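Peer 1: Please read through the structure below; I'll follow up with questions.
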Amino acid sequence: MKNFLFELKEGLSISYRAIKANKIRSALTAIGIFIGVTSVVLMSTAIKGIDTSFQNGISALGSDNLYIDKWKWFQDEEWWKTRNRRNITMEDFAKYKEMAKLPVAIAPQVWTAQTLKSGAITTESTILTGTTNDYLGTTNFTFSQGRFFNDVESRGNRNVVVLGSDVAKILFPRGDAIDQTIKIKGQKFKVIGVLAEQGSFMLGSMNPDKQVYLPIGNVFKYFQSEHFRSVTIVARVANTAMIEKTVEEAQGIMRKVRGLAYHQEDDFSINQQQGLTKIYDSTVGIIQIVGLIITGLALFVGAIGIMNIMFVSVKERTKEIGIRKAIGAKKRTILGQFITEAVVLCLLGGLIGLIGAVILSKIINQFLPTSFQADAVVLAIGISLITGVISGFAPAYSAAKMDPVEALRYE
C-alpha cells in the first residue's frame, strides 16, 4: 500500500511536470473531453429539470383526472371527423354531474385568450380558464396569496379572478396583487388569489402559472358565446385503481346524455393524463438516446486525441523511460505513470467541462427548466476517469514493455 501511494504520488508529480511543459498541447488535447463532459452533464441537468417541471405540473393539475372533451389529445383518426363532433355544452356537463357517482370532484372548464391590464402594465393573449369552485377539487393547487373563488362567487358569476404565479409577477411585480383590480376587455375583476408556482413546462398553454381562473359564467357573459366553444369536463378519480371503472361510467353516461344509439360511435373523447405521460416518456427517451450518441462521439474523439498525444509523449520520453527502467523501475510503475498522466489530462478536461455545463445550464434555465444536482459531478468525474484509463492504457503498455537497452539507444 505504501509503495502504491508513493508511485501514485510520483506519477502525479511527473504528470504535472509533463502537462506544465506542454500547456497548449495539453489544453488542445483535453478539448474533446471538455466537449463530451459538457454535453453529458448539460443533457442530464436539462432532462432532470424538464422532468421535475413536468411531474410538478401533472401533480398540480391532478394525476388521476379524466378530461371528457370533444377533442382527442392524441389523434388516431381523421381530424375532420373530430371537428364535426357536436360541442359539449354546459347542459351536458350538468347531466353528467348529476348521474356520475364515481368521481370525487367534477368541474367544467373552457378557455379563452384575452389581454389583461393592471394600470399601465398589459399582458397579451393570456389564457383565461372559466370554471366553477369545484375545479379546485380536481387539482392540487397551492396558493401564495388568497384563495380560490367559492360557491357563492361561482354561482353568482362575480367578477373575481385567481392569478397564476407568472401572470401575478407580470401584473403586480411588487407582490401586492390581492384585492387589486385588473381589466379584461374593459371589465373590472378583483384579484382574490394568487397560485404558488406550480411548474408545468411541458403542458404549454395548460400551464397553471401562466393562466387566470374565473367563474365560467363570466367567460360566456363577456368574452364568447356559450355555444362558441366546447366545454371540457374534468372528473377526478378517487384513486388509480378506479380509473377504468370511472372511464366506463363516464362513457355510458355521456352516450346517454348525447342520445347516441348503440350502433353510433362516441362523439366525445375521454382523455387521461397517463397518455400524456407515455408520450412524454417516449419523447424524453428519444432525446436521451440522441444525446448519448452525440456525447459518445465527442468522448470517442476526445479519447482518440488523448491516446494519440500519449503515444507522442512516450516517443519523446523514450530515453527517460530507459533510464528509469535501468535503475530499477518496474513495468507496473511505468504503466501507472502514463495512465495517470492520461487520467489527469481527462480530469482537467472534465473539470473544465463541468464548469462550462454549470454556466450553460444557468443560461438555458432562462428559457427551459434545468436542475443541476450532485450526481452530475460524479458523472463528470466518472466519465473522465474511465476515458483516461481506456485512452491511456495502450501508450502506457507500449512504454512499460520497452527494453531498457533499446530505449537508452533511442535517438
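Ordering of the C-alpha cells sets the chain letters (A, B, ...); residue numbers start at 1 within each chain; ligands are numbered from 1 in the order shown.
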What are the closest atom pairs, with distances in Å to one decimal, for each residue of region 150-255 of chain A lying within 6 Å of region 98-113 of chain A, using only C-alpha atoms, rows by chain and rising residue number, as CSV?
Peer 2:
residue,atom,partner,partner_atom,distance
A:Val231,CA,A:Val110,CA,5.3
A:Thr232,CA,A:Gln109,CA,5.3
A:Ile233,CA,A:Pro108,CA,4.5
A:Val234,CA,A:Ala107,CA,5.3
A:Ala235,CA,A:Ile106,CA,4.5
A:Arg236,CA,A:Ala105,CA,5.3
A:Val237,CA,A:Pro103,CA,4.8
A:Ala238,CA,A:Val104,CA,5.7
A:Thr246,CA,A:Leu102,CA,5.9
Peer 1: As a list in words, please: the residues near Arg85 (chain A) (cut-off 10 Å, only C-alpha atoms, same-chain neighbours under 6 positions excluded).
Peer 2: Lys70, Trp71, Ser230, Asp266, Asp267 and Phe268 of chain A
Peer 1: Can you write just those residues out, C-alpha atoms, as a PDB file, in the first residue's frame?
Peer 2:
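What follows is the written file result-v7.pdb:
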ATOM      1  CA  LYS A  70     -64.837  16.995 -27.929  1.00  0.00           C
ATOM      2  CA  TRP A  71     -61.197  16.651 -28.972  1.00  0.00           C
ATOM      3  CA  SER A 230     -66.862  23.083 -26.489  1.00  0.00           C
ATOM      4  CA  ASP A 266     -68.810   8.071 -29.439  1.00  0.00           C
ATOM      5  CA  ASP A 267     -68.904  11.754 -30.396  1.00  0.00           C
ATOM      6  CA  PHE A 268     -66.679  12.700 -27.468  1.00  0.00           C
TER       7      PHE A 268
END
Peer 1: Select, from A:Leu171, A:Val160, A:Val191, A:Leu347, the residue with the minimum atom-to-atom distance to Lys117 (chain A), counting only C-alpha atoms.
Peer 2: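 The closest residue to Lys117 (chain A) is A:Leu171.
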Peer 1: Skipping near chain neighbours, those fewer than 2 positions away, what residues fall within 12 Å of Ser398 (chain A) using only C-alpha atoms, listed as a VMD selection string?
Peer 2: chain A and resid 307 310 to 315 318 321 331 to 332 334 to 335 338 to 339 392 to 396 400 to 403 407
Peer 1: Given the choices A:Tyr16, A:Phe220, A:Phe93, A:Tyr67, which gets closest to Val257 (chain A) if the distance is worked out from only C-alpha atoms?
Peer 2: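 Among A:Tyr16, A:Phe220, A:Phe93, A:Tyr67, it is A:Phe93 that comes nearest to Val257 (chain A).
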Peer 1: Using DSSP on the backbone coordinates, identify the residues of region 37-232 of chain A assigned to helix (DSSP H, G or I); present them as a ChimeraX atom specification.
Peer 2: /A:37-61,79-83,90-99,133-138,151-155,165-171,201-206,208-210,216-223
Peer 1: Can you list, as an MDAnalysis selection string, every protein, DNA or RNA residue that comes within 12 Å of Ile293 (chain A) when you count only C-alpha atoms, leaving out same-chain residues fewer than 6 positions away?
Peer 2: chainID A and resid 36 39:40 43 286:287 299:300
Peer 1: How far is it from CA of Ile386 (chain A) to CA of Cys346 (chain A), in Å with one decimal?
Peer 2: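 Pair CA of Ile386 (chain A) / CA of Cys346 (chain A) returns 8.9 Å.
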Peer 1: Would you return as a PyMOL selection string the members of region 64-302 of chain A that DSSP assigns to strand (DSSP E or B) on this structure's backbone?
Peer 2: chain A and resi 65-69+105-118+121-131+143-146+160-163+181-184+187-195+211-215+232-236+269-272
